[in-house]
Structure formats: structure tokens, C-alpha cells
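Listing of entry-v9.cif, mmCIF, N, CA and C atoms
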data_input
#
loop_
_atom_site.label_atom_id
_atom_site.label_comp_id
_atom_site.auth_asym_id
_atom_site.auth_seq_id
_atom_site.Cartn_x
_atom_site.Cartn_y
_atom_site.Cartn_z
N VAL A 1 18.48 -325.29 101.84
CA VAL A 1 17.34 -325.32 100.93
C VAL A 1 17.62 -324.40 99.75
N GLN A 2 17.43 -324.91 98.57
CA GLN A 2 17.58 -324.09 97.36
C GLN A 2 16.21 -323.92 96.72
N LEU A 3 15.96 -322.73 96.24
CA LEU A 3 14.66 -322.41 95.65
C LEU A 3 14.85 -321.91 94.24
N GLN A 4 13.98 -322.36 93.36
CA GLN A 4 14.04 -321.95 91.96
C GLN A 4 12.66 -321.50 91.52
N ALA A 5 12.51 -320.21 91.26
CA ALA A 5 11.23 -319.67 90.81
C ALA A 5 11.20 -319.60 89.29
N SER A 6 10.03 -319.80 88.74
CA SER A 6 9.87 -319.73 87.29
C SER A 6 8.43 -319.37 86.95
N GLY A 7 8.20 -319.05 85.67
CA GLY A 7 6.84 -318.81 85.21
C GLY A 7 6.50 -317.36 84.92
N GLY A 8 7.42 -316.45 85.18
CA GLY A 8 7.15 -315.05 84.91
C GLY A 8 7.06 -314.76 83.42
N GLY A 9 6.59 -313.57 83.10
CA GLY A 9 6.48 -313.19 81.70
C GLY A 9 5.76 -311.88 81.53
N LEU A 10 5.48 -311.56 80.28
CA LEU A 10 4.76 -310.34 79.93
C LEU A 10 3.32 -310.70 79.58
N VAL A 11 2.37 -310.14 80.31
CA VAL A 11 0.96 -310.41 80.06
C VAL A 11 0.18 -309.11 80.09
N GLN A 12 -0.97 -309.13 79.45
CA GLN A 12 -1.81 -307.95 79.42
C GLN A 12 -2.63 -307.86 80.71
N ALA A 13 -3.06 -306.66 81.01
CA ALA A 13 -3.91 -306.44 82.18
C ALA A 13 -5.17 -307.31 82.07
N GLY A 14 -5.53 -307.92 83.17
CA GLY A 14 -6.69 -308.79 83.20
C GLY A 14 -6.38 -310.25 82.96
N ALA A 15 -5.19 -310.53 82.50
CA ALA A 15 -4.80 -311.91 82.21
C ALA A 15 -4.36 -312.64 83.48
N SER A 16 -4.03 -313.92 83.30
CA SER A 16 -3.58 -314.76 84.41
C SER A 16 -2.18 -315.29 84.14
N LEU A 17 -1.51 -315.64 85.22
CA LEU A 17 -0.17 -316.20 85.13
C LEU A 17 0.04 -317.09 86.34
N ARG A 18 0.80 -318.16 86.15
CA ARG A 18 1.06 -319.07 87.26
C ARG A 18 2.57 -319.20 87.46
N LEU A 19 3.01 -318.87 88.65
CA LEU A 19 4.41 -318.99 89.00
C LEU A 19 4.64 -320.29 89.75
N SER A 20 5.83 -320.84 89.58
CA SER A 20 6.19 -322.07 90.28
C SER A 20 7.47 -321.84 91.07
N CYS A 21 7.59 -322.56 92.17
CA CYS A 21 8.81 -322.51 92.98
C CYS A 21 9.16 -323.94 93.36
N ALA A 22 10.32 -324.39 92.91
CA ALA A 22 10.79 -325.73 93.22
C ALA A 22 11.83 -325.64 94.33
N ALA A 23 11.62 -326.42 95.37
CA ALA A 23 12.53 -326.42 96.52
C ALA A 23 13.32 -327.72 96.53
N SER A 24 14.60 -327.61 96.82
CA SER A 24 15.43 -328.80 96.98
C SER A 24 16.20 -328.67 98.28
N GLY A 25 16.62 -329.79 98.81
CA GLY A 25 17.28 -329.76 100.11
C GLY A 25 16.30 -330.14 101.20
N ARG A 26 16.70 -329.89 102.42
CA ARG A 26 15.89 -330.34 103.55
C ARG A 26 14.85 -329.29 103.92
N THR A 27 13.61 -329.61 103.63
CA THR A 27 12.50 -328.74 104.04
C THR A 27 11.75 -329.42 105.17
N SER A 28 11.16 -328.62 106.02
CA SER A 28 10.46 -329.13 107.19
C SER A 28 8.97 -328.91 107.04
N ARG A 29 8.21 -329.89 107.46
CA ARG A 29 6.75 -329.75 107.39
C ARG A 29 6.23 -328.72 108.36
N THR A 30 7.07 -328.28 109.28
CA THR A 30 6.66 -327.20 110.19
C THR A 30 6.98 -325.83 109.62
N GLY A 31 7.61 -325.81 108.46
CA GLY A 31 8.04 -324.55 107.88
C GLY A 31 7.01 -323.93 106.96
N THR A 32 7.41 -322.88 106.28
CA THR A 32 6.52 -322.10 105.43
C THR A 32 7.25 -321.70 104.16
N ILE A 33 6.50 -321.67 103.07
CA ILE A 33 7.03 -321.13 101.83
C ILE A 33 6.20 -319.90 101.47
N ALA A 34 6.83 -318.88 100.94
CA ALA A 34 6.13 -317.63 100.69
C ALA A 34 6.55 -317.02 99.37
N TRP A 35 5.73 -316.08 98.93
CA TRP A 35 6.03 -315.28 97.75
C TRP A 35 6.12 -313.82 98.16
N PHE A 36 7.14 -313.17 97.67
CA PHE A 36 7.30 -311.73 97.82
C PHE A 36 7.50 -311.13 96.43
N ARG A 37 7.35 -309.84 96.35
CA ARG A 37 7.63 -309.18 95.08
C ARG A 37 8.30 -307.83 95.34
N GLN A 38 9.04 -307.37 94.36
CA GLN A 38 9.70 -306.09 94.49
C GLN A 38 9.65 -305.37 93.15
N ALA A 39 9.00 -304.22 93.17
CA ALA A 39 8.92 -303.38 91.98
C ALA A 39 10.08 -302.39 92.01
N PRO A 40 10.46 -301.84 90.87
CA PRO A 40 11.58 -300.90 90.83
C PRO A 40 11.37 -299.72 91.77
N GLY A 41 12.35 -299.46 92.61
CA GLY A 41 12.29 -298.33 93.50
C GLY A 41 11.41 -298.53 94.73
N LYS A 42 10.90 -299.74 94.91
CA LYS A 42 10.02 -300.00 96.05
C LYS A 42 10.61 -301.09 96.93
N GLU A 43 10.10 -301.16 98.15
CA GLU A 43 10.54 -302.19 99.07
C GLU A 43 9.92 -303.53 98.71
N ARG A 44 10.55 -304.58 99.20
CA ARG A 44 10.02 -305.92 98.96
C ARG A 44 8.67 -306.04 99.69
N GLU A 45 7.68 -306.58 98.99
CA GLU A 45 6.31 -306.66 99.49
C GLU A 45 5.87 -308.10 99.64
N PHE A 46 5.22 -308.39 100.75
CA PHE A 46 4.68 -309.72 100.98
C PHE A 46 3.49 -309.96 100.06
N VAL A 47 3.47 -311.13 99.43
CA VAL A 47 2.37 -311.49 98.53
C VAL A 47 1.51 -312.60 99.13
N ALA A 48 2.13 -313.72 99.48
CA ALA A 48 1.37 -314.86 99.99
C ALA A 48 2.30 -315.83 100.69
N ALA A 49 1.71 -316.64 101.57
CA ALA A 49 2.48 -317.66 102.27
C ALA A 49 1.63 -318.91 102.46
N LEU A 50 2.32 -320.04 102.53
CA LEU A 50 1.65 -321.33 102.67
C LEU A 50 2.49 -322.18 103.61
N ARG A 51 1.85 -322.71 104.63
CA ARG A 51 2.57 -323.65 105.48
C ARG A 51 2.81 -324.93 104.67
N TRP A 52 3.98 -325.53 104.83
CA TRP A 52 4.28 -326.77 104.11
C TRP A 52 3.27 -327.86 104.46
N SER A 53 2.71 -327.79 105.66
CA SER A 53 1.70 -328.78 106.04
C SER A 53 0.43 -328.63 105.20
N GLY A 54 0.32 -327.46 104.54
CA GLY A 54 -0.82 -327.23 103.66
C GLY A 54 -2.07 -326.78 104.37
N SER A 55 -1.95 -326.51 105.66
CA SER A 55 -3.15 -326.24 106.43
C SER A 55 -3.62 -324.79 106.36
N SER A 56 -2.71 -323.87 106.04
CA SER A 56 -3.11 -322.46 106.11
C SER A 56 -2.43 -321.63 105.04
N THR A 57 -3.15 -320.63 104.56
CA THR A 57 -2.60 -319.70 103.59
C THR A 57 -2.78 -318.26 104.09
N TYR A 58 -1.92 -317.38 103.62
CA TYR A 58 -1.90 -316.00 104.07
C TYR A 58 -1.63 -315.12 102.85
N TYR A 59 -2.27 -313.96 102.80
CA TYR A 59 -2.13 -313.09 101.63
C TYR A 59 -1.92 -311.63 102.02
N GLY A 60 -1.17 -310.94 101.19
CA GLY A 60 -1.05 -309.50 101.34
C GLY A 60 -2.34 -308.83 100.87
N ASP A 61 -2.63 -307.66 101.40
CA ASP A 61 -3.89 -307.00 101.11
C ASP A 61 -4.07 -306.70 99.63
N SER A 62 -3.00 -306.40 98.94
CA SER A 62 -3.12 -305.99 97.55
C SER A 62 -3.45 -307.12 96.59
N VAL A 63 -3.34 -308.36 97.04
CA VAL A 63 -3.59 -309.49 96.14
C VAL A 63 -4.74 -310.38 96.60
N LYS A 64 -5.32 -310.09 97.73
CA LYS A 64 -6.42 -310.92 98.23
C LYS A 64 -7.55 -310.98 97.22
N GLY A 65 -8.03 -312.19 97.00
CA GLY A 65 -9.13 -312.37 96.06
C GLY A 65 -8.69 -312.55 94.62
N ARG A 66 -7.43 -312.25 94.32
CA ARG A 66 -6.94 -312.39 92.95
C ARG A 66 -5.85 -313.47 92.83
N PHE A 67 -5.05 -313.62 93.85
CA PHE A 67 -3.94 -314.57 93.83
C PHE A 67 -4.26 -315.75 94.75
N THR A 68 -3.76 -316.91 94.38
CA THR A 68 -3.93 -318.11 95.20
C THR A 68 -2.60 -318.85 95.29
N VAL A 69 -2.19 -319.15 96.51
CA VAL A 69 -0.96 -319.90 96.73
C VAL A 69 -1.33 -321.35 97.03
N SER A 70 -0.54 -322.27 96.48
CA SER A 70 -0.79 -323.69 96.71
C SER A 70 0.55 -324.42 96.70
N GLY A 71 0.50 -325.69 97.09
CA GLY A 71 1.74 -326.43 97.14
C GLY A 71 1.54 -327.89 96.82
N ASP A 72 2.63 -328.54 96.48
CA ASP A 72 2.65 -329.98 96.23
C ASP A 72 3.77 -330.54 97.10
N ASN A 73 3.40 -331.08 98.24
CA ASN A 73 4.40 -331.58 99.18
C ASN A 73 5.28 -332.67 98.58
N ALA A 74 4.66 -333.53 97.80
CA ALA A 74 5.40 -334.66 97.23
C ALA A 74 6.52 -334.19 96.32
N LYS A 75 6.30 -333.06 95.67
CA LYS A 75 7.30 -332.53 94.74
C LYS A 75 8.06 -331.35 95.32
N ASN A 76 7.79 -331.03 96.58
CA ASN A 76 8.46 -329.89 97.21
C ASN A 76 8.34 -328.63 96.36
N SER A 77 7.13 -328.40 95.91
CA SER A 77 6.91 -327.25 95.03
C SER A 77 5.77 -326.40 95.55
N ALA A 78 5.82 -325.14 95.20
CA ALA A 78 4.74 -324.21 95.52
C ALA A 78 4.39 -323.42 94.28
N PHE A 79 3.16 -322.93 94.25
CA PHE A 79 2.68 -322.23 93.07
C PHE A 79 1.95 -320.96 93.49
N LEU A 80 1.96 -320.01 92.59
CA LEU A 80 1.21 -318.77 92.82
C LEU A 80 0.38 -318.52 91.57
N GLN A 81 -0.92 -318.75 91.69
CA GLN A 81 -1.84 -318.48 90.59
C GLN A 81 -2.26 -317.02 90.69
N MET A 82 -2.00 -316.27 89.65
CA MET A 82 -2.29 -314.84 89.66
C MET A 82 -3.34 -314.54 88.60
N ASN A 83 -4.48 -314.09 89.03
CA ASN A 83 -5.58 -313.75 88.13
C ASN A 83 -5.84 -312.25 88.15
N SER A 84 -6.54 -311.79 87.13
CA SER A 84 -6.91 -310.37 87.03
C SER A 84 -5.71 -309.47 87.27
N LEU A 85 -4.64 -309.74 86.57
CA LEU A 85 -3.41 -308.99 86.78
C LEU A 85 -3.56 -307.53 86.41
N LYS A 86 -2.88 -306.69 87.17
CA LYS A 86 -2.93 -305.24 86.98
C LYS A 86 -1.52 -304.71 86.73
N PRO A 87 -1.41 -303.54 86.15
CA PRO A 87 -0.07 -302.97 85.95
C PRO A 87 0.72 -302.85 87.25
N GLU A 88 0.03 -302.59 88.36
CA GLU A 88 0.74 -302.46 89.63
C GLU A 88 1.26 -303.79 90.18
N ASP A 89 0.92 -304.89 89.50
CA ASP A 89 1.49 -306.19 89.87
C ASP A 89 2.86 -306.41 89.24
N THR A 90 3.28 -305.50 88.39
CA THR A 90 4.58 -305.62 87.74
C THR A 90 5.69 -305.58 88.79
N ALA A 91 6.52 -306.61 88.80
CA ALA A 91 7.58 -306.72 89.81
C ALA A 91 8.39 -307.98 89.54
N ILE A 92 9.49 -308.10 90.25
CA ILE A 92 10.20 -309.37 90.32
C ILE A 92 9.59 -310.14 91.49
N TYR A 93 9.19 -311.36 91.22
CA TYR A 93 8.56 -312.20 92.23
C TYR A 93 9.58 -313.21 92.75
N TYR A 94 9.68 -313.28 94.06
CA TYR A 94 10.62 -314.19 94.72
C TYR A 94 9.86 -315.20 95.56
N CYS A 95 10.34 -316.43 95.55
CA CYS A 95 9.84 -317.37 96.54
C CYS A 95 10.87 -317.46 97.66
N ALA A 96 10.37 -317.66 98.84
CA ALA A 96 11.21 -317.71 100.04
C ALA A 96 10.70 -318.81 100.95
N ALA A 97 11.57 -319.30 101.80
CA ALA A 97 11.16 -320.40 102.68
C ALA A 97 11.88 -320.32 104.01
N THR A 98 11.26 -320.90 104.99
CA THR A 98 11.88 -321.09 106.29
C THR A 98 11.45 -322.44 106.84
N ASN A 99 12.33 -323.07 107.59
CA ASN A 99 11.97 -324.31 108.28
C ASN A 99 11.51 -324.05 109.69
N LYS A 100 11.55 -322.82 110.11
CA LYS A 100 11.08 -322.46 111.45
C LYS A 100 9.57 -322.45 111.45
N HIS A 101 9.01 -322.76 112.61
CA HIS A 101 7.56 -322.60 112.76
C HIS A 101 7.28 -321.15 113.11
N LEU A 102 6.48 -320.50 112.29
CA LEU A 102 6.08 -319.12 112.54
C LEU A 102 4.62 -319.09 112.96
N ILE A 103 4.33 -318.33 114.01
CA ILE A 103 2.93 -318.24 114.43
C ILE A 103 2.16 -317.43 113.39
N SER A 104 0.87 -317.59 113.40
CA SER A 104 0.03 -317.00 112.35
C SER A 104 0.21 -315.49 112.24
N SER A 105 0.32 -314.80 113.36
CA SER A 105 0.44 -313.35 113.30
C SER A 105 1.70 -312.93 112.54
N ARG A 106 2.77 -313.72 112.68
CA ARG A 106 4.00 -313.42 111.95
C ARG A 106 3.79 -313.67 110.45
N LEU A 107 3.03 -314.69 110.13
CA LEU A 107 2.78 -314.97 108.72
C LEU A 107 1.94 -313.88 108.09
N TRP A 108 0.96 -313.38 108.81
CA TRP A 108 0.14 -312.28 108.28
C TRP A 108 0.99 -311.02 108.10
N ASP A 109 1.95 -310.82 109.01
CA ASP A 109 2.82 -309.63 108.91
C ASP A 109 3.67 -309.67 107.64
N GLY A 110 4.05 -310.88 107.24
CA GLY A 110 4.79 -311.04 105.99
C GLY A 110 6.13 -310.34 105.96
N SER A 111 6.91 -310.47 107.02
CA SER A 111 8.23 -309.84 107.03
C SER A 111 9.24 -310.71 106.30
N PRO A 112 9.98 -310.14 105.36
CA PRO A 112 11.01 -310.93 104.66
C PRO A 112 12.09 -311.43 105.61
N HIS A 113 12.25 -310.78 106.75
CA HIS A 113 13.30 -311.18 107.69
C HIS A 113 13.01 -312.54 108.34
N ASP A 114 11.79 -313.01 108.24
CA ASP A 114 11.44 -314.30 108.82
C ASP A 114 11.83 -315.48 107.93
N TYR A 115 12.30 -315.19 106.74
CA TYR A 115 12.59 -316.25 105.78
C TYR A 115 14.10 -316.38 105.56
N ASP A 116 14.56 -317.62 105.58
CA ASP A 116 15.99 -317.90 105.55
C ASP A 116 16.52 -318.22 104.15
N TYR A 117 15.64 -318.66 103.29
CA TYR A 117 16.07 -319.11 101.97
C TYR A 117 15.30 -318.36 100.90
N TRP A 118 16.00 -317.97 99.85
CA TRP A 118 15.40 -317.17 98.79
C TRP A 118 15.79 -317.71 97.41
N GLY A 119 14.82 -317.68 96.50
CA GLY A 119 15.11 -318.00 95.12
C GLY A 119 15.60 -316.77 94.38
N GLN A 120 15.89 -316.90 93.11
CA GLN A 120 16.51 -315.83 92.34
C GLN A 120 15.51 -314.84 91.78
N GLY A 121 14.24 -315.14 91.79
CA GLY A 121 13.24 -314.20 91.30
C GLY A 121 12.86 -314.44 89.85
N THR A 122 11.62 -314.12 89.53
CA THR A 122 11.13 -314.20 88.17
C THR A 122 10.31 -312.94 87.88
N LEU A 123 10.53 -312.36 86.71
CA LEU A 123 9.93 -311.07 86.39
C LEU A 123 8.54 -311.22 85.81
N VAL A 124 7.60 -310.46 86.37
CA VAL A 124 6.25 -310.38 85.84
C VAL A 124 6.02 -308.94 85.39
N THR A 125 5.60 -308.78 84.14
CA THR A 125 5.36 -307.44 83.59
C THR A 125 3.94 -307.37 83.07
N VAL A 126 3.21 -306.37 83.56
CA VAL A 126 1.85 -306.12 83.11
C VAL A 126 1.81 -304.68 82.63
N PRO A 127 1.87 -304.44 81.33
CA PRO A 127 1.90 -303.07 80.81
C PRO A 127 0.63 -302.31 81.10
N ALA A 128 0.78 -301.02 81.28
CA ALA A 128 -0.40 -300.17 81.53
C ALA A 128 -1.21 -299.98 80.26
#
Rewrite the structure from the file as C-alpha cells, please.
Amino acid sequence: VQLQASGGGLVQAGASLRLSCAASGRTSRTGTIAWFRQAPGKEREFVAALRWSGSSTYYGDSVKGRFTVSGDNAKNSAFLQMNSLKPEDTAIYYCAATNKHLISSRLWDGSPHDYDYWGQGTLVTVPA
């Protein structure tokens, strides 16, 4: 599975941005696609996850209520709508995927080790 993230940019605090992740190759409807982010000097942080079946979504605490993850199965794509952006949202955003079925508790945990495929990342900058 190859992943291509896009849509990053420089936006002011309070603005919105939509990231896209295009997947190619063999994806499984039992799998999950997720978004992570990594700010300079910090560990990779779980942002959101979506089962390919579209039945469930999961969010990191810092983005709940502001970010929404969605997908288009027909196009093998996932999206991250980011609203009310803050300077602390500044990071490189990565999409990741796995074809393994992960139980809900693992998805809430948001461990990057559960994901087998990673895109190259797209930079989001929100100046203070």
C-alpha cells in the first residue's frame, strides 16, 4: 500500500484546512487509515483514525471537536478536516494505514506501531 498525503500549508489561527490521503495498492475493508502528526522535537502524536468500512472514527484528545476524519472508499482516499486551528497544531501530518483488524481499544490508543504503511507527510503551519 502506498500513501500520498497532501493539502498542508500556512494558515492563520482560527482558520480551517483539509488534508487528503490517497491510497494505492491492496487495501482491506477490515483495515484502518489514520492521521498522525509530529512537531519539531516532539514524538509522533495520534490525531485520528477511520476504519475503511467507514463505521467508526477515533480521535486524539487534543483535536476532539475540531478535527473530522472521513473517507471515500471508492477512491481509496481519506481526509482530515481541521477547523479552529491553533499554533500548537503546527506539525508534519502523516497518513498511515494497516490492513489488520485492530480492536477499538487499540485504535483509541493510537500507537504508530500498529500501522504498517506510511505516507511522506505534509506540513501544516499555524503561526502564533
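Across the chains present, the PyMOL selection byres (((chain A and resi 16 and name CA) around 8) and name CA) applied to this file returns A:Val11, A:Gly14, A:Ala15, A:Leu17, A:Arg18, A:Gln81, A:Met82, A:Asn83, A:Ser84, A:Leu85.
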Problem set entry | DSSP strand (DSSP E) selection over region 36-112 of chain A, as a ChimeraX atom specification | /A:36-38,45-51,57-59,67-72,77-82,91-98
For this session: Can you pull out every residue within 7 Å of Ala22 (chain A), counting only C-alpha atoms, but drop anything in the same chain fewer than 6 positions away, and send it as a PyMOL selection string?
Result: chain A and resi 3-5+76-78
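If you look at CA of Trp35 (chain A) and CA of Leu80 (chain A), they are 7.7 Å away from each other.
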Exercise. So which residues are close to (12.4, -318.9, 87.5), meaning at most 7 Å away in the file's coordinates with all atoms listed in the file counted, and can you show them as a PyMOL selection string?
Worked result: chain A and resi 4-8+20+120-123
Exercise. On this structure, which residues satisfy the PyMOL selection byres (((chain A and resi 94-100 and name CA) around 6) and name CA), written as a ChimeraX atom specification?
Worked result: /A:28,31-37,93,101,115-119,121
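Distances to Ser53 (chain A) were evaluated for A:Thr30, A:Ser111, A:Ser104, A:Gln38 using all atoms listed in the file, and the minimum falls at A:Thr30.
With all atoms listed in the file as the basis for measurement, A:Trp52 is the residue among A:Tyr59, A:Trp52, A:Trp108, A:Phe46 that approaches Asn73 (chain A) most closely.
Closest approach to Lys42 (chain A) from the set A:Thr68, A:Cys21, A:Ile92, A:His113 is made by A:Ile92, with distances taken over only C-alpha atoms.
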Problem set entry | Expansion of the PyMOL selection byres ((chain A and resi 88) around 8) into residues, as an MDAnalysis selection string | chainID A and resid 39 85:87 89:91 126:128
For this session: Name the closest residue to Gly60 (chain A) among the candidates A:Val1, A:Ala74, A:Ala48, A:Ile103; distances are taken between atoms, counting only N, CA and C atoms.
Result: A:Ala48
For this session: Report the distance between atom N of Thr27 (chain A) and atom N of Ser70 (chain A) in Å, rounded to one decimal place.
Result: 17.5 Å
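Across the model, the gap from atom N of Leu107 (chain A) to CA of Lys64 (chain A) is 15.7 Å.
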Problem set entry | Distance query Gln2 (chain A) at most 5 Å, all atoms listed in the file, self and fewer than 2 positions along chain excluded, as a ChimeraX atom specification | /A:4,23-25
Problem set entry | Residue among A:Ser105, A:Ser62, A:Thr125, A:Thr57 lying closest to Ala13 (chain A), counting all atoms listed in the file | A:Thr125
Taking the block above, write region 43-53 of chain A with all heavy atoms as a PDB file, in the first residue's frame.
ATOM      1  N   GLU A  43       7.425  13.758  19.989  1.00  0.00           N
ATOM      2  CA  GLU A  43       7.112  12.433  19.484  1.00  0.00           C
ATOM      3  C   GLU A  43       5.919  12.490  18.540  1.00  0.00           C
ATOM      4  O   GLU A  43       5.124  13.435  18.582  1.00  0.00           O
ATOM      5  CB  GLU A  43       6.806  11.489  20.652  1.00  0.00           C
ATOM      6  CG  GLU A  43       8.006  11.199  21.534  1.00  0.00           C
ATOM      7  CD  GLU A  43       7.699  10.144  22.580  1.00  0.00           C
ATOM      8  OE1 GLU A  43       6.533   9.737  22.701  1.00  0.00           O
ATOM      9  OE2 GLU A  43       8.643   9.733  23.272  1.00  0.00           O
ATOM     10  N   ARG A  44       5.812  11.455  17.728  1.00  0.00           N
ATOM     11  CA  ARG A  44       4.675  11.373  16.814  1.00  0.00           C
ATOM     12  C   ARG A  44       3.399  11.207  17.648  1.00  0.00           C
ATOM     13  O   ARG A  44       3.339  10.397  18.567  1.00  0.00           O
ATOM     14  CB  ARG A  44       4.857  10.210  15.854  1.00  0.00           C
ATOM     15  CG  ARG A  44       3.941  10.242  14.669  1.00  0.00           C
ATOM     16  CD  ARG A  44       4.460   9.381  13.555  1.00  0.00           C
ATOM     17  NE  ARG A  44       5.697   9.930  12.979  1.00  0.00           N
ATOM     18  CZ  ARG A  44       6.232   9.496  11.842  1.00  0.00           C
ATOM     19  NH1 ARG A  44       5.664   8.515  11.173  1.00  0.00           N
ATOM     20  NH2 ARG A  44       7.349  10.025  11.391  1.00  0.00           N
ATOM     21  N   GLU A  45       2.376  11.973  17.300  1.00  0.00           N
ATOM     22  CA  GLU A  45       1.131  12.025  18.064  1.00  0.00           C
ATOM     23  C   GLU A  45      -0.033  11.540  17.225  1.00  0.00           C
ATOM     24  O   GLU A  45      -0.187  11.926  16.062  1.00  0.00           O
ATOM     25  CB  GLU A  45       0.866  13.466  18.518  1.00  0.00           C
ATOM     26  CG  GLU A  45      -0.431  13.668  19.274  1.00  0.00           C
ATOM     27  CD  GLU A  45      -0.752  15.143  19.497  1.00  0.00           C
ATOM     28  OE1 GLU A  45      -0.077  16.012  18.907  1.00  0.00           O
ATOM     29  OE2 GLU A  45      -1.694  15.435  20.261  1.00  0.00           O
ATOM     30  N   PHE A  46      -0.874  10.725  17.831  1.00  0.00           N
ATOM     31  CA  PHE A  46      -2.081  10.241  17.163  1.00  0.00           C
ATOM     32  C   PHE A  46      -3.079  11.383  17.020  1.00  0.00           C
ATOM     33  O   PHE A  46      -3.359  12.106  17.977  1.00  0.00           O
ATOM     34  CB  PHE A  46      -2.687   9.095  17.962  1.00  0.00           C
ATOM     35  CG  PHE A  46      -4.057   8.684  17.500  1.00  0.00           C
ATOM     36  CD1 PHE A  46      -4.232   8.094  16.259  1.00  0.00           C
ATOM     37  CD2 PHE A  46      -5.172   8.877  18.302  1.00  0.00           C
ATOM     38  CE1 PHE A  46      -5.486   7.703  15.827  1.00  0.00           C
ATOM     39  CE2 PHE A  46      -6.425   8.492  17.890  1.00  0.00           C
ATOM     40  CZ  PHE A  46      -6.582   7.905  16.652  1.00  0.00           C
ATOM     41  N   VAL A  47      -3.645  11.514  15.822  1.00  0.00           N
ATOM     42  CA  VAL A  47      -4.638  12.556  15.557  1.00  0.00           C
ATOM     43  C   VAL A  47      -6.028  11.958  15.377  1.00  0.00           C
ATOM     44  O   VAL A  47      -6.976  12.337  16.067  1.00  0.00           O
ATOM     45  CB  VAL A  47      -4.248  13.371  14.312  1.00  0.00           C
ATOM     46  CG1 VAL A  47      -5.335  14.384  13.957  1.00  0.00           C
ATOM     47  CG2 VAL A  47      -2.909  14.072  14.528  1.00  0.00           C
ATOM     48  N   ALA A  48      -6.165  11.029  14.435  1.00  0.00           N
ATOM     49  CA  ALA A  48      -7.482  10.462  14.148  1.00  0.00           C
ATOM     50  C   ALA A  48      -7.323   9.167  13.365  1.00  0.00           C
ATOM     51  O   ALA A  48      -6.308   8.943  12.723  1.00  0.00           O
ATOM     52  CB  ALA A  48      -8.324  11.459  13.351  1.00  0.00           C
ATOM     53  N   ALA A  49      -8.365   8.338  13.434  1.00  0.00           N
ATOM     54  CA  ALA A  49      -8.368   7.086  12.690  1.00  0.00           C
ATOM     55  C   ALA A  49      -9.773   6.787  12.189  1.00  0.00           C
ATOM     56  O   ALA A  49     -10.763   7.193  12.812  1.00  0.00           O
ATOM     57  CB  ALA A  49      -7.861   5.930  13.553  1.00  0.00           C
ATOM     58  N   LEU A  50      -9.825   6.070  11.078  1.00  0.00           N
ATOM     59  CA  LEU A  50     -11.092   5.726  10.451  1.00  0.00           C
ATOM     60  C   LEU A  50     -10.984   4.307   9.923  1.00  0.00           C
ATOM     61  O   LEU A  50     -10.047   3.984   9.191  1.00  0.00           O
ATOM     62  CB  LEU A  50     -11.368   6.693   9.282  1.00  0.00           C
ATOM     63  CG  LEU A  50     -12.509   6.340   8.343  1.00  0.00           C
ATOM     64  CD1 LEU A  50     -13.841   6.587   9.018  1.00  0.00           C
ATOM     65  CD2 LEU A  50     -12.419   7.163   7.056  1.00  0.00           C
ATOM     66  N   ARG A  51     -11.930   3.475  10.298  1.00  0.00           N
ATOM     67  CA  ARG A  51     -11.953   2.142   9.703  1.00  0.00           C
ATOM     68  C   ARG A  51     -12.343   2.286   8.228  1.00  0.00           C
ATOM     69  O   ARG A  51     -13.230   3.066   7.891  1.00  0.00           O
ATOM     70  CB  ARG A  51     -12.966   1.259  10.421  1.00  0.00           C
ATOM     71  CG  ARG A  51     -12.574   0.915  11.852  1.00  0.00           C
ATOM     72  CD  ARG A  51     -13.448  -0.212  12.384  1.00  0.00           C
ATOM     73  NE  ARG A  51     -13.252  -0.476  13.790  1.00  0.00           N
ATOM     74  CZ  ARG A  51     -12.315  -1.248  14.285  1.00  0.00           C
ATOM     75  NH1 ARG A  51     -11.449  -1.828  13.471  1.00  0.00           N
ATOM     76  NH2 ARG A  51     -12.234  -1.465  15.587  1.00  0.00           N
ATOM     77  N   TRP A  52     -11.715   1.504   7.361  1.00  0.00           N
ATOM     78  CA  TRP A  52     -12.046   1.562   5.942  1.00  0.00           C
ATOM     79  C   TRP A  52     -13.518   1.242   5.700  1.00  0.00           C
ATOM     80  O   TRP A  52     -14.107   1.705   4.732  1.00  0.00           O
ATOM     81  CB  TRP A  52     -11.191   0.596   5.138  1.00  0.00           C
ATOM     82  CG  TRP A  52      -9.868   1.136   4.730  1.00  0.00           C
ATOM     83  CD1 TRP A  52      -8.644   0.606   5.024  1.00  0.00           C
ATOM     84  CD2 TRP A  52      -9.600   2.299   3.937  1.00  0.00           C
ATOM     85  NE1 TRP A  52      -7.648   1.373   4.471  1.00  0.00           N
ATOM     86  CE2 TRP A  52      -8.211   2.416   3.796  1.00  0.00           C
ATOM     87  CE3 TRP A  52     -10.407   3.267   3.323  1.00  0.00           C
ATOM     88  CZ2 TRP A  52      -7.605   3.449   3.071  1.00  0.00           C
ATOM     89  CZ3 TRP A  52      -9.812   4.293   2.608  1.00  0.00           C
ATOM     90  CH2 TRP A  52      -8.426   4.373   2.481  1.00  0.00           C
ATOM     91  N   SER A  53     -14.105   0.443   6.591  1.00  0.00           N
ATOM     92  CA  SER A  53     -15.527   0.135   6.449  1.00  0.00           C
ATOM     93  C   SER A  53     -16.389   1.376   6.678  1.00  0.00           C
ATOM     94  O   SER A  53     -17.573   1.392   6.350  1.00  0.00           O
ATOM     95  CB  SER A  53     -15.933  -0.951   7.445  1.00  0.00           C
ATOM     96  OG  SER A  53     -15.757  -0.482   8.775  1.00  0.00           O
TER      97      SER A  53
END
